[in-house]
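Printed here is target20.csv (CSV, C-alpha atoms):
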chain,number,residue,atom,x,y,z
A,297,MET,CA,4.7,-7.7,-79.7
A,298,SER,CA,7.0,-5.5,-81.7
A,299,PHE,CA,5.5,-3.2,-84.4
A,300,GLY,CA,6.8,-0.7,-86.9
A,301,GLY,CA,5.7,1.7,-89.7
A,302,THR,CA,4.5,4.4,-87.4
A,303,ASN,CA,5.9,7.5,-85.7
A,304,LEU,CA,4.6,6.4,-82.3
A,305,THR,CA,7.3,5.9,-79.6
A,306,THR,CA,4.9,4.0,-77.3
A,307,LEU,CA,1.5,2.6,-77.7
A,308,SER,CA,-0.9,2.8,-74.7
A,309,LEU,CA,-3.1,-0.1,-74.2
A,310,ASP,CA,-6.2,-0.8,-72.1
A,311,GLY,CA,-5.4,-2.1,-68.7
A,312,ARG,CA,-7.9,-5.0,-69.2
A,313,LEU,CA,-5.4,-6.4,-71.8
A,314,ALA,CA,-3.2,-7.4,-68.9
A,315,GLU,CA,-5.3,-10.5,-68.5
A,316,ASN,CA,-4.1,-11.7,-71.9
A,317,LEU,CA,-0.4,-11.0,-71.1
A,318,TRP,CA,2.2,-12.9,-69.2
A,319,LEU,CA,3.0,-11.0,-66.0
A,320,PRO,CA,5.7,-11.7,-63.3
A,321,ASP,CA,4.3,-12.8,-60.0
A,322,THR,CA,5.8,-10.0,-58.0
A,323,PHE,CA,4.9,-9.6,-54.4
A,324,ILE,CA,6.1,-7.4,-51.5
A,325,SER,CA,7.7,-9.9,-49.1
A,326,ASN,CA,7.6,-7.7,-46.0
A,327,SER,CA,4.0,-6.5,-46.6
A,328,LYS,CA,1.5,-7.0,-43.8
A,329,GLU,CA,-1.6,-5.7,-45.6
A,330,SER,CA,-2.1,-4.5,-49.2
A,331,PHE,CA,-4.9,-3.7,-51.7
A,332,LEU,CA,-5.2,-2.6,-55.3
A,333,HIS,CA,-7.0,0.6,-56.3
A,334,LYS,CA,-10.0,-0.1,-58.5
A,335,VAL,CA,-11.8,3.2,-58.6
A,336,THR,CA,-13.3,3.7,-61.1
A,337,VAL,CA,-11.6,0.8,-62.9
A,338,ASP,CA,-8.4,-1.1,-62.1
A,339,ASN,CA,-5.6,1.4,-61.9
A,340,ARG,CA,-3.2,-0.2,-64.4
A,341,LEU,CA,-0.8,1.1,-66.9
A,342,ILE,CA,0.3,-0.8,-70.1
A,343,GLN,CA,2.6,0.7,-72.6
A,344,LEU,CA,4.0,-1.1,-75.6
A,345,TYR,CA,7.3,0.0,-77.3
A,346,PRO,CA,8.1,-0.7,-81.0
A,347,ASN,CA,10.8,-3.2,-80.1
A,348,GLY,CA,8.2,-5.3,-78.2
A,349,THR,CA,9.1,-4.1,-74.7
A,350,ILE,CA,6.1,-3.8,-72.3
A,351,LEU,CA,5.9,-1.2,-69.4
A,352,TYR,CA,3.4,-2.5,-66.9
A,353,GLY,CA,2.4,-0.5,-63.8
A,354,ILE,CA,-0.1,-1.0,-61.1
A,355,ARG,CA,-1.2,1.2,-58.1
A,356,ILE,CA,-0.9,-0.6,-54.8
A,357,THR,CA,-1.2,0.6,-51.2
A,358,THR,CA,0.6,-1.6,-48.7
A,359,LYS,CA,1.5,-1.6,-45.0
A,360,ALA,CA,5.0,-3.0,-44.7
A,361,GLU,CA,6.7,-4.2,-41.5
A,362,CYS,CA,9.8,-2.5,-40.3
A,363,TYR,CA,11.9,-3.7,-37.4
A,364,MET,CA,12.5,-0.6,-35.2
A,365,ASP,CA,14.8,0.1,-32.4
A,366,LEU,CA,12.8,2.3,-30.0
A,367,LYS,CA,15.3,2.8,-27.3
A,368,LYS,CA,15.6,6.4,-28.2
A,369,TYR,CA,11.9,7.0,-28.9
A,370,PRO,CA,10.8,9.7,-29.6
A,371,MET,CA,14.2,11.0,-30.8
A,372,ASP,CA,14.9,7.9,-32.9
A,373,SER,CA,15.7,7.3,-36.5
A,374,GLN,CA,14.6,4.1,-38.2
A,375,ASN,CA,15.9,2.2,-41.3
A,376,CYS,CA,13.0,0.7,-43.2
A,377,SER,CA,12.7,-1.1,-46.5
A,378,LEU,CA,10.4,-2.4,-49.2
A,379,GLU,CA,11.3,-5.8,-50.6
A,380,PHE,CA,10.1,-7.1,-54.0
A,381,GLU,CA,10.4,-10.8,-54.9
A,382,SER,CA,9.0,-13.4,-57.3
A,383,TYR,CA,6.7,-15.8,-55.6
A,384,GLY,CA,6.9,-18.8,-58.0
A,385,TYR,CA,9.6,-18.1,-60.5
A,386,ARG,CA,13.1,-19.0,-59.5
A,387,THR,CA,16.3,-17.3,-60.7
A,388,ASP,CA,16.3,-19.7,-63.7
A,389,ASP,CA,13.1,-18.0,-65.0
A,390,ILE,CA,13.3,-14.3,-63.8
A,391,ILE,CA,15.8,-11.9,-62.4
A,392,PHE,CA,14.8,-8.6,-60.8
A,393,HIS,CA,16.9,-5.4,-61.1
A,394,TRP,CA,16.5,-1.7,-60.9
A,395,LYS,CA,16.5,0.0,-64.3
A,396,ALA,CA,18.4,3.1,-63.2
A,397,GLY,CA,19.4,2.5,-59.6
A,398,ASN,CA,18.3,5.2,-57.2
A,399,SER,CA,17.0,7.2,-60.1
A,400,SER,CA,14.3,4.5,-60.6
A,401,VAL,CA,12.6,5.8,-57.4
A,402,HIS,CA,10.6,9.0,-57.5
A,403,GLY,CA,8.6,11.0,-55.0
A,404,LEU,CA,10.5,10.2,-51.7
A,405,ASP,CA,12.1,13.6,-51.7
A,406,THR,CA,8.7,15.3,-51.5
A,407,LEU,CA,6.9,12.7,-49.4
A,408,LYS,CA,5.3,14.1,-46.2
A,409,LEU,CA,4.5,11.9,-43.2
A,410,GLN,CA,2.8,12.7,-39.9
A,411,GLN,CA,5.6,11.8,-37.6
A,412,PHE,CA,8.6,11.2,-39.9
A,413,ILE,CA,10.9,13.0,-42.3
A,414,VAL,CA,12.3,10.8,-45.0
A,415,GLY,CA,16.1,10.9,-45.1
A,416,GLY,CA,18.4,9.1,-47.6
A,417,TYR,CA,17.3,6.1,-49.6
A,418,TYR,CA,19.2,3.4,-51.5
A,419,ALA,CA,18.1,0.8,-54.1
A,420,HIS,CA,19.7,-2.6,-53.7
A,421,ASP,CA,20.2,-4.9,-56.7
A,422,GLY,CA,21.2,-8.5,-57.2
A,423,LEU,CA,19.8,-9.9,-54.0
A,424,LEU,CA,18.8,-13.6,-53.6
A,425,ARG,CA,16.7,-15.5,-51.2
A,426,ASP,CA,17.1,-19.2,-50.7
A,427,HIS,CA,14.0,-21.2,-49.9
A,428,GLU,CA,13.3,-24.9,-49.8
A,429,SER,CA,11.9,-24.8,-53.3
A,430,GLY,CA,14.9,-23.0,-54.8
A,431,VAL,CA,16.6,-19.6,-55.0
A,432,TYR,CA,14.6,-16.5,-55.9
A,433,SER,CA,15.6,-13.1,-57.1
A,434,ARG,CA,14.9,-10.1,-54.9
A,435,ILE,CA,15.4,-6.3,-54.9
A,436,LYS,CA,15.1,-3.9,-52.0
A,437,LEU,CA,14.5,-0.2,-51.4
A,438,SER,CA,15.8,1.0,-48.0
A,439,PHE,CA,15.2,4.5,-46.6
A,440,ILE,CA,15.9,6.3,-43.4
A,441,LEU,CA,13.0,7.8,-41.3
A,442,HIS,CA,13.7,10.5,-38.8
A,443,ARG,CA,11.0,10.9,-36.2
A,444,GLN,CA,9.7,14.4,-35.5
A,445,ALA,CA,9.8,15.0,-31.8
A,446,PHE,CA,7.9,18.4,-31.7
A,447,TYR,CA,4.6,16.6,-31.0
A,448,PHE,CA,6.1,14.8,-28.0
A,449,ILE,CA,7.8,18.0,-26.8
A,450,PHE,CA,4.5,19.9,-26.5
A,451,GLN,CA,2.4,16.9,-25.4
A,452,THR,CA,4.7,15.2,-22.9
A,453,TYR,CA,8.0,17.0,-22.2
A,454,ILE,CA,6.8,20.5,-21.4
A,455,PRO,CA,3.9,19.4,-19.2
A,456,SER,CA,6.3,17.2,-17.3
A,457,ILE,CA,8.8,20.0,-16.7
A,458,LEU,CA,6.1,22.3,-15.6
A,459,LEU,CA,4.8,19.8,-13.1
A,460,VAL,CA,8.2,19.3,-11.6
A,461,VAL,CA,8.7,23.0,-11.3
A,462,LEU,CA,5.3,23.3,-9.7
A,463,SER,CA,6.3,20.8,-7.0
A,464,TRP,CA,9.3,23.1,-6.1
A,465,VAL,CA,6.9,25.8,-5.0
A,466,SER,CA,6.4,24.0,-1.7
A,467,PHE,CA,10.0,24.7,-0.8
A,468,TRP,CA,9.0,28.4,-0.3
A,469,ILE,CA,5.9,27.7,1.7
A,470,ASN,CA,6.0,27.9,5.5
A,471,PRO,CA,6.7,24.5,6.9
A,472,GLU,CA,3.9,25.1,9.4
A,473,ALA,CA,1.4,25.3,6.5
A,474,VAL,CA,0.9,21.6,6.5
A,475,PRO,CA,-2.4,21.5,4.4
A,476,ALA,CA,-0.9,23.7,1.7
A,477,ARG,CA,2.3,21.8,1.2
A,478,VAL,CA,0.8,18.3,1.4
A,479,ALA,CA,-2.0,19.2,-1.0
A,480,LEU,CA,0.5,20.7,-3.5
A,481,GLY,CA,2.8,17.6,-3.3
A,482,ILE,CA,0.0,15.0,-3.7
A,483,THR,CA,-1.6,17.0,-6.6
A,484,THR,CA,1.7,17.1,-8.5
A,485,VAL,CA,2.4,13.4,-7.9
A,486,LEU,CA,-1.1,12.3,-9.1
A,487,THR,CA,-1.1,14.6,-12.1
A,488,MET,CA,2.3,13.2,-13.1
A,489,THR,CA,0.9,9.7,-12.8
A,490,THR,CA,-2.0,10.6,-15.1
A,491,LEU,CA,0.4,12.1,-17.6
A,492,MET,CA,2.5,9.0,-17.6
A,493,SER,CA,-0.6,6.8,-18.2
A,494,GLY,CA,-1.8,8.9,-21.1
A,495,ALA,CA,1.6,8.9,-22.7
A,496,GLN,CA,2.0,5.1,-22.3
A,497,ALA,CA,-1.4,4.6,-24.0
A,498,GLN,CA,-0.1,6.2,-27.2
A,499,MET,CA,3.2,4.4,-27.3
A,500,PRO,CA,4.0,1.0,-28.8
A,501,LYS,CA,3.9,-1.9,-26.4
A,502,ILE,CA,7.5,-3.1,-26.1
A,503,SER,CA,9.4,-4.9,-23.4
A,504,TYR,CA,12.5,-2.6,-23.1
A,505,ILE,CA,12.8,0.9,-21.7
A,506,LYS,CA,12.4,3.8,-24.1
A,507,ALA,CA,13.9,7.3,-23.8
A,508,ILE,CA,10.5,8.9,-23.0
A,509,ASP,CA,10.0,6.3,-20.2
A,510,VAL,CA,13.3,7.4,-18.7
A,511,TYR,CA,12.2,11.0,-18.7
A,512,LEU,CA,8.8,10.5,-17.3
A,513,VAL,CA,10.1,8.3,-14.5
A,514,MET,CA,12.7,11.0,-13.8
A,515,CYS,CA,10.0,13.7,-13.5
A,516,PHE,CA,7.8,11.5,-11.4
A,517,LEU,CA,10.7,10.8,-9.0
A,518,PHE,CA,11.4,14.6,-8.7
A,519,THR,CA,7.8,15.3,-7.8
A,520,PHE,CA,7.7,12.3,-5.4
A,521,PHE,CA,11.0,13.4,-3.7
A,522,ALA,CA,9.6,16.9,-3.3
A,523,LEU,CA,6.8,15.4,-1.3
A,524,VAL,CA,9.2,13.3,0.7
A,525,GLU,CA,11.3,16.4,1.4
A,526,TYR,CA,8.4,18.0,3.2
A,527,ALA,CA,7.9,14.8,5.2
A,528,ALA,CA,11.5,15.1,6.3
A,529,VAL,CA,11.0,18.7,7.2
A,530,ASN,CA,7.9,17.9,9.2
A,531,PHE,CA,9.6,15.0,11.0
A,532,VAL,CA,12.6,17.1,12.0
A,533,SER,CA,10.5,20.1,13.1
A,534,SER,CA,8.2,17.8,15.1
A,535,LYS,CA,11.2,16.1,16.7
A,536,MET,CA,12.8,19.4,17.6
A,537,ALA,CA,9.5,20.7,19.0
A,538,LEU,CA,9.3,17.7,21.3
A,539,LYS,CA,12.9,18.2,22.3
A,540,ARG,CA,12.3,21.9,22.9
A,541,LYS,CA,9.3,21.1,25.1
A,542,LYS,CA,11.3,18.7,27.2
A,543,GLN,CA,14.0,21.3,27.5
A,544,GLU,CA,11.5,23.9,28.7
A,545,ASN,CA,10.2,21.5,31.4
A,546,LYS,CA,13.8,21.0,32.6
A,547,ASP,CA,14.5,24.7,32.6
A,548,VAL,CA,11.4,25.3,34.7
A,549,GLU,CA,12.5,22.8,37.2
A,550,LYS,CA,15.9,24.3,37.4
A,551,LEU,CA,14.5,27.8,37.8
A,552,GLU,CA,12.3,26.7,40.7
A,553,CYS,CA,14.9,27.5,43.3
A,554,ASP,CA,13.6,26.5,46.7
A,555,CYS,CA,16.0,27.9,49.3
A,556,GLU,CA,15.7,27.0,53.0
A,557,GLU,CA,18.1,29.7,54.0
A,558,CYS,CA,20.2,31.9,51.8
A,559,ASN,CA,22.6,34.0,53.9
A,560,THR,CA,24.7,36.8,52.7
A,561,SER,CA,26.6,38.0,55.7
A,562,GLN,CA,28.3,40.9,54.1
A,563,GLN,CA,25.0,42.5,53.2
A,564,GLY,CA,23.3,41.3,56.4
A,565,ILE,CA,20.3,39.7,54.6
A,566,SER,CA,18.5,36.6,55.8
A,567,LEU,CA,15.9,35.0,53.6
A,568,LYS,CA,14.0,32.1,55.4
A,569,ARG,CA,12.4,30.7,52.3
A,570,LEU,CA,12.2,31.4,48.6
A,571,SER,CA,8.8,30.0,48.0
A,572,SER,CA,8.8,29.8,44.2
A,573,THR,CA,11.0,31.2,41.4
A,574,ARG,CA,9.7,30.8,38.0
A,575,CYS,CA,11.1,32.4,34.9
A,576,ARG,CA,8.6,31.6,32.2
A,577,LEU,CA,8.9,32.8,28.6
A,578,ASP,CA,5.9,34.0,26.6
A,579,ARG,CA,6.2,32.0,23.4
A,580,GLY,CA,3.7,34.0,21.3
A,581,THR,CA,4.4,34.0,17.6
A,582,SER,CA,4.6,37.8,17.4
A,583,PHE,CA,7.2,38.2,20.1
A,584,GLN,CA,6.0,41.8,20.3
A,585,ASN,CA,5.3,41.7,24.0
A,586,ASN,CA,8.3,41.8,26.4
A,587,LEU,CA,8.9,38.5,28.1
A,588,VAL,CA,8.4,38.8,31.9
A,589,ALA,CA,9.8,36.7,34.6
A,590,SER,CA,8.8,37.4,38.2
A,591,THR,CA,10.1,36.1,41.4
A,592,SER,CA,8.1,36.4,44.6
A,593,PHE,CA,9.5,36.0,48.0
A,594,ASN,CA,7.7,35.4,51.2
A,595,ARG,CA,7.7,38.0,53.9
A,596,SER,CA,7.7,40.9,51.5
A,597,CYS,CA,10.9,39.9,49.8
A,598,SER,CA,10.3,40.3,46.0
A,599,ALA,CA,12.3,40.6,42.9
A,600,SER,CA,11.2,41.4,39.3
A,601,THR,CA,12.9,41.9,36.0
A,602,SER,CA,11.8,42.7,32.4
A,603,PHE,CA,13.2,40.8,29.4
A,604,ASP,CA,13.9,42.2,26.0
A,605,ARG,CA,12.6,40.3,23.0
A,606,ASN,CA,15.8,38.2,22.8
A,607,CYS,CA,15.1,36.8,26.2
A,608,SER,CA,18.3,38.3,27.7
A,609,ALA,CA,19.4,41.2,29.8
A,610,LYS,CA,22.7,42.8,29.6
A,611,THR,CA,22.7,44.0,33.3
A,612,PHE,CA,20.5,44.0,36.3
A,613,GLN,CA,20.9,45.3,39.7
A,614,VAL,CA,19.8,44.2,43.2
A,615,ASP,CA,18.7,46.9,45.5
A,616,ILE,CA,18.8,45.9,49.1
A,617,ASP,CA,16.8,47.7,51.7
A,618,GLU,CA,19.2,48.7,54.5
A,619,THR,CA,16.4,48.2,57.0
A,620,SER,CA,16.6,44.3,57.0
A,621,PRO,CA,16.3,42.4,60.2
A,622,LEU,CA,20.0,42.5,60.7
A,623,ASN,CA,20.2,46.2,60.0
A,624,GLY,CA,16.6,47.3,60.6
A,625,PRO,CA,13.1,46.5,59.5
A,626,ARG,CA,12.6,44.3,56.5
A,627,GLY,CA,11.9,46.0,53.2
A,628,ASP,CA,11.5,45.0,49.6
A,629,SER,CA,14.3,43.9,47.3
A,630,ASN,CA,13.8,44.8,43.7
A,631,VAL,CA,15.7,43.4,40.7
A,632,THR,CA,15.2,45.8,37.8
A,633,SER,CA,16.6,46.2,34.4
A,634,PRO,CA,19.2,48.9,33.7
A,635,SER,CA,17.8,52.3,33.9
A,636,ASN,CA,18.9,55.9,34.2
A,637,GLU,CA,18.1,55.9,37.9
A,638,THR,CA,20.9,56.6,40.3
A,639,LYS,CA,22.0,53.4,42.1
A,640,PRO,CA,22.2,53.5,45.9
A,641,SER,CA,25.4,52.9,47.6
A,642,SER,CA,24.3,49.4,48.7
A,643,SER,CA,23.4,48.4,45.1
A,644,ARG,CA,25.3,45.7,43.4
A,645,GLU,CA,25.5,45.6,39.6
A,646,ILE,CA,25.9,42.2,38.0
A,647,LEU,CA,26.8,42.0,34.3
A,648,GLU,CA,26.0,38.8,32.3
A,649,ALA,CA,28.7,37.6,29.9
A,650,GLY,CA,27.8,34.1,28.7
A,651,ASP,CA,28.0,32.0,31.9
A,652,ASP,CA,30.3,34.3,33.8
A,653,TYR,CA,29.4,37.1,36.2
A,654,VAL,CA,31.4,40.2,36.8
A,655,THR,CA,30.4,42.3,39.8
A,656,THR,CA,31.5,45.8,40.8
A,657,SER,CA,32.7,44.1,44.0
A,658,GLU,CA,35.1,41.4,42.6
A,659,GLU,CA,35.5,40.0,46.1
A,660,ASN,CA,31.9,39.2,46.4
A,661,ARG,CA,30.5,36.1,44.8
A,662,PRO,CA,27.0,36.1,43.3
A,663,THR,CA,24.2,34.9,45.5
A,664,ARG,CA,22.0,31.9,44.7
A,665,ILE,CA,19.1,34.2,43.9
A,666,GLN,CA,21.3,36.0,41.3
A,667,ARG,CA,22.3,32.7,39.8
A,668,CYS,CA,18.7,31.6,39.4
A,669,LEU,CA,17.7,34.9,37.8
A,670,SER,CA,20.8,34.8,35.6
A,671,ARG,CA,19.8,31.4,34.2
A,672,GLY,CA,16.4,32.8,33.3
A,673,LEU,CA,17.8,35.9,31.8
A,674,SER,CA,20.2,34.1,29.6
A,675,TYR,CA,17.6,31.7,28.3
A,676,ARG,CA,17.4,31.5,24.5
A,677,MET,CA,14.4,30.1,22.6
A,678,PRO,CA,15.4,27.2,20.3
A,679,ARG,CA,14.8,27.7,16.6
A,680,LEU,CA,13.9,25.1,13.9
A,681,LYS,CA,17.1,25.8,12.1
A,682,ASP,CA,17.7,22.2,10.8
A,683,ALA,CA,14.2,22.0,9.3
A,684,ILE,CA,14.6,25.3,7.6
A,685,ILE,CA,18.0,24.3,6.2
A,686,ILE,CA,16.5,21.3,4.5
A,687,ASP,CA,14.2,23.7,2.5
A,688,GLN,CA,17.0,26.0,1.8
A,689,TYR,CA,19.2,23.2,0.3
A,690,ALA,CA,16.2,21.9,-1.6
A,691,ARG,CA,15.5,25.2,-3.3
A,692,PHE,CA,18.9,25.1,-5.0
A,693,GLY,CA,19.6,21.3,-5.1
A,694,PHE,CA,16.4,20.2,-6.8
A,695,PRO,CA,16.6,22.7,-9.8
A,696,PHE,CA,20.3,22.2,-10.2
A,697,THR,CA,20.1,18.4,-10.3
A,698,PHE,CA,17.1,18.5,-12.6
A,699,ALA,CA,18.8,20.9,-15.1
A,700,ALA,CA,22.0,18.7,-15.1
A,701,LEU,CA,20.0,15.6,-15.7
A,702,ASN,CA,18.1,17.3,-18.6
A,703,ILE,CA,21.4,18.3,-20.2
A,704,VAL,CA,22.7,14.7,-19.9
A,705,TYR,CA,19.4,13.2,-21.1
A,706,PHE,CA,19.0,15.3,-24.3
A,707,THR,CA,22.7,15.1,-25.1
A,708,TYR,CA,22.7,11.3,-24.9
A,709,TYR,CA,19.5,10.6,-26.7
A,710,SER,CA,19.9,13.2,-29.5
A,711,TYR,CA,23.0,11.6,-30.9
Could I get this file's structure written as structure tokens?
Amino acid sequence: MSFGGTNLTTLSLDGRLAENLWLPDTFISNSKESFLHKVTVDNRLIQLYPNGTILYGIRITTKAECYMDLKKYPMDSQNCSLEFESYGYRTDDIIFHWKAGNSSVHGLDTLKLQQFIVGGYYAHDGLLRDHESGVYSRIKLSFILHRQAFYFIFQTYIPSILLVVLSWVSFWINPEAVPARVALGITTVLTMTTLMSGAQAQMPKISYIKAIDVYLVMCFLFTFFALVEYAAVNFVSSKMALKRKKQENKDVEKLECDCEECNTSQQGISLKRLSSTRCRLDRGTSFQNNLVASTSFNRSCSASTSFDRNCSAKTFQVDIDETSPLNGPRGDSNVTSPSNETKPSSSREILEAGDDYVTTSEENRPTRIQRCLSRGLSYRMPRLKDAIIIDQYARFGFPFTFAALNIVYFTYYSY
């Protein structure tokens, strides 16, 4: 095939002449699907050098297999390769090698892929593969592929983060707004489930857990626990409401002071019967109206008092009509809140200090009527403090935990 007597460095030949030449039976051993380009004719290149060397090229498109470790998907890097080998000629007949090592490969530096960036590459020489029919020569080109995660950040990570943050809005909604909080919690959980299903449909079907699976499950659990948190708040508030109702019934029973005879010899008062003493609290949501407790006595013996909005009174006084049966005709006995009115000489001022009573006359003990009224005056309305505290802790605990887990997640899977 050598030639001389010409200034030509190479002689280009028609590709159809390849049918009359001996060609190595090279194939790509890790190829899954390949085809030759034949538009408009077979894409072949044959160049003949003066010393008889032949350069033969052919255009092939192939899909090659690459064993990938997707544990860090979609922040992973993969090491793939193309392997060239002779199918029928053993090492006794043909040896493959790269002509110039890594310089024999061109175009990888400028190659652009949809999801990957090509990193370093290396050309391997002198490889052998042992088969039952003999030993065959093999060469390999390995290269690193770095996956671009921006697509997954905008399509999966950011929507997941926004759904988790949206589930936290329920922590600032009034616990009594049951439809609003339940609807928000269920909506975020279902939306997160839909997002997980859509992401899984685009991912390879493998048996082990990927990095994106860990993140989606983490976001799903946060939205789910946000819904469970309101269930806990609702349970605690309902339990406390039932406990408060029972306590109210007990307080009403205690305040129904039925006295057959309450004698105060020093004041000369004789009350034959205290028909009913009820100190009821108005539990309206506005608390704008003063709470009123009234006590009615038979035989024109009455007492009344006005509560402030905290259901307590600092002082009250008992005005006794000096014309009682022991000292005169019966009159009315009024229990009033502190006022600027001048107290009569027979008045007794009683100050409430927790469960203790201090009177202007230290030697006189409070009467049973006064004790009944004092219990009503010192009544405090229970609050749903425990239920509200759960929301308060959740407002800071959920974001802090989620931020910490994100830092750990991206730090671990990025390296």
List the spatial neighbours of segment 484-500 of chain A as an mmCIF file with C-alpha atoms, keeping the file's coordinate frame - criterion: any atom at most 9 Å away, all atoms listed in the file, same-chain residues fewer than 2 positions off excluded.
data_model
loop_
_atom_site.group_PDB
_atom_site.id
_atom_site.type_symbol
_atom_site.label_atom_id
_atom_site.label_comp_id
_atom_site.auth_asym_id
_atom_site.auth_seq_id
_atom_site.Cartn_x
_atom_site.Cartn_y
_atom_site.Cartn_z
ATOM 1 C CA LEU A 366 12.800 2.300 -30.000
ATOM 2 C CA GLN A 451 2.400 16.900 -25.400
ATOM 3 C CA THR A 452 4.700 15.200 -22.900
ATOM 4 C CA PRO A 455 3.900 19.400 -19.200
ATOM 5 C CA SER A 456 6.300 17.200 -17.300
ATOM 6 C CA LEU A 459 4.800 19.800 -13.100
ATOM 7 C CA VAL A 460 8.200 19.300 -11.600
ATOM 8 C CA LEU A 462 5.300 23.300 -9.700
ATOM 9 C CA SER A 463 6.300 20.800 -7.000
ATOM 10 C CA ALA A 479 -2.000 19.200 -1.000
ATOM 11 C CA LEU A 480 0.500 20.700 -3.500
ATOM 12 C CA GLY A 481 2.800 17.600 -3.300
ATOM 13 C CA ILE A 482 0.000 15.000 -3.700
ATOM 14 C CA ILE A 502 7.500 -3.100 -26.100
ATOM 15 C CA ILE A 508 10.500 8.900 -23.000
ATOM 16 C CA ASP A 509 10.000 6.300 -20.200
ATOM 17 C CA LEU A 512 8.800 10.500 -17.300
ATOM 18 C CA VAL A 513 10.100 8.300 -14.500
ATOM 19 C CA CYS A 515 10.000 13.700 -13.500
ATOM 20 C CA PHE A 516 7.800 11.500 -11.400
ATOM 21 C CA LEU A 517 10.700 10.800 -9.000
ATOM 22 C CA THR A 519 7.800 15.300 -7.800
ATOM 23 C CA PHE A 520 7.700 12.300 -5.400
ATOM 24 C CA LEU A 523 6.800 15.400 -1.300
#
Two-atom distance - atom CA of Val532 of chain A, atom CA of Met514 of chain A (Å) |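 So the answer is 26.5 Å.
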How many Å lie between atom CA of Tyr504 of chain A and atom CA of Gln444 of chain A, rounded to one decimal?
-> 21.2 Å
All residues 12 Å or closer to Ala690 of chain A, all atoms listed in the file, same chain fewer than 6 positions away omitted, as number ranges by chain = A: 463-468, 518, 521-526, 528-529, 683-684, 696-698
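Restricting the calculation to all atoms listed in the file, the smallest distance between Val414 of chain A and any of A:His442, A:Lys436, A:Lys501, A:Lys395 is found for A:His442.
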How far is it from atom CA of Leu437 of chain A to atom CA of Asn339 of chain A, in Å with one decimal?
->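 Computing it gives 22.7 Å between the two atoms.
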Go through segment 428-458 of chain A residue by residue and, counting all atoms listed in the file, keep those with an atom at most 6 Å from segment 386-391 of chain A; for each kept residue give the shortest atom pair and its distance in Å to one decimal, ordered by chain and increasing number, as a tab-separated table.
residue	atom	partner	partner_atom	distance
A:Val431	CA	A:Arg386	CA	5.7
A:Tyr432	CA	A:Arg386	CA	4.6
A:Ser433	CA	A:Ile391	CA	5.4
Close residues, segment 367-370 of chain A itself excluded, 8 Å, all atoms listed in the file, min 5 positions apart in chain, as a VMD selection string = chain A and resid 443 to 445 448 504 to 508 709
Nearest candidate to Phe299 of chain A (options A:Trp318, A:Phe331, A:Phe392, A:Tyr345; using only C-alpha atoms) | A:Tyr345
Using only C-alpha atoms, which residue out of A:Asn347, A:Thr357, A:Asn545, A:Gln374 lies closest to Thr306 of chain A?
->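 Result for the nearest residue to Thr306 of chain A: A:Asn347.
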Non-local contacts of Met297 of chain A (8 Å; all atoms listed in the file; under 5 positions in same chain excluded) as a PyMOL selection string | chain A and resi 344+346-349
Contacts of Tyr711 of chain A at 10 Å (only C-alpha atoms; same-chain gap of 4+ positions) as a PyMOL selection string | chain A and resi 368+371-372+706-707
Residue with smallest distance to Ser429 of chain A - pool A:Lys408, A:Tyr363, A:Gly416, A:Gly384, counting only C-alpha atoms | A:Gly384
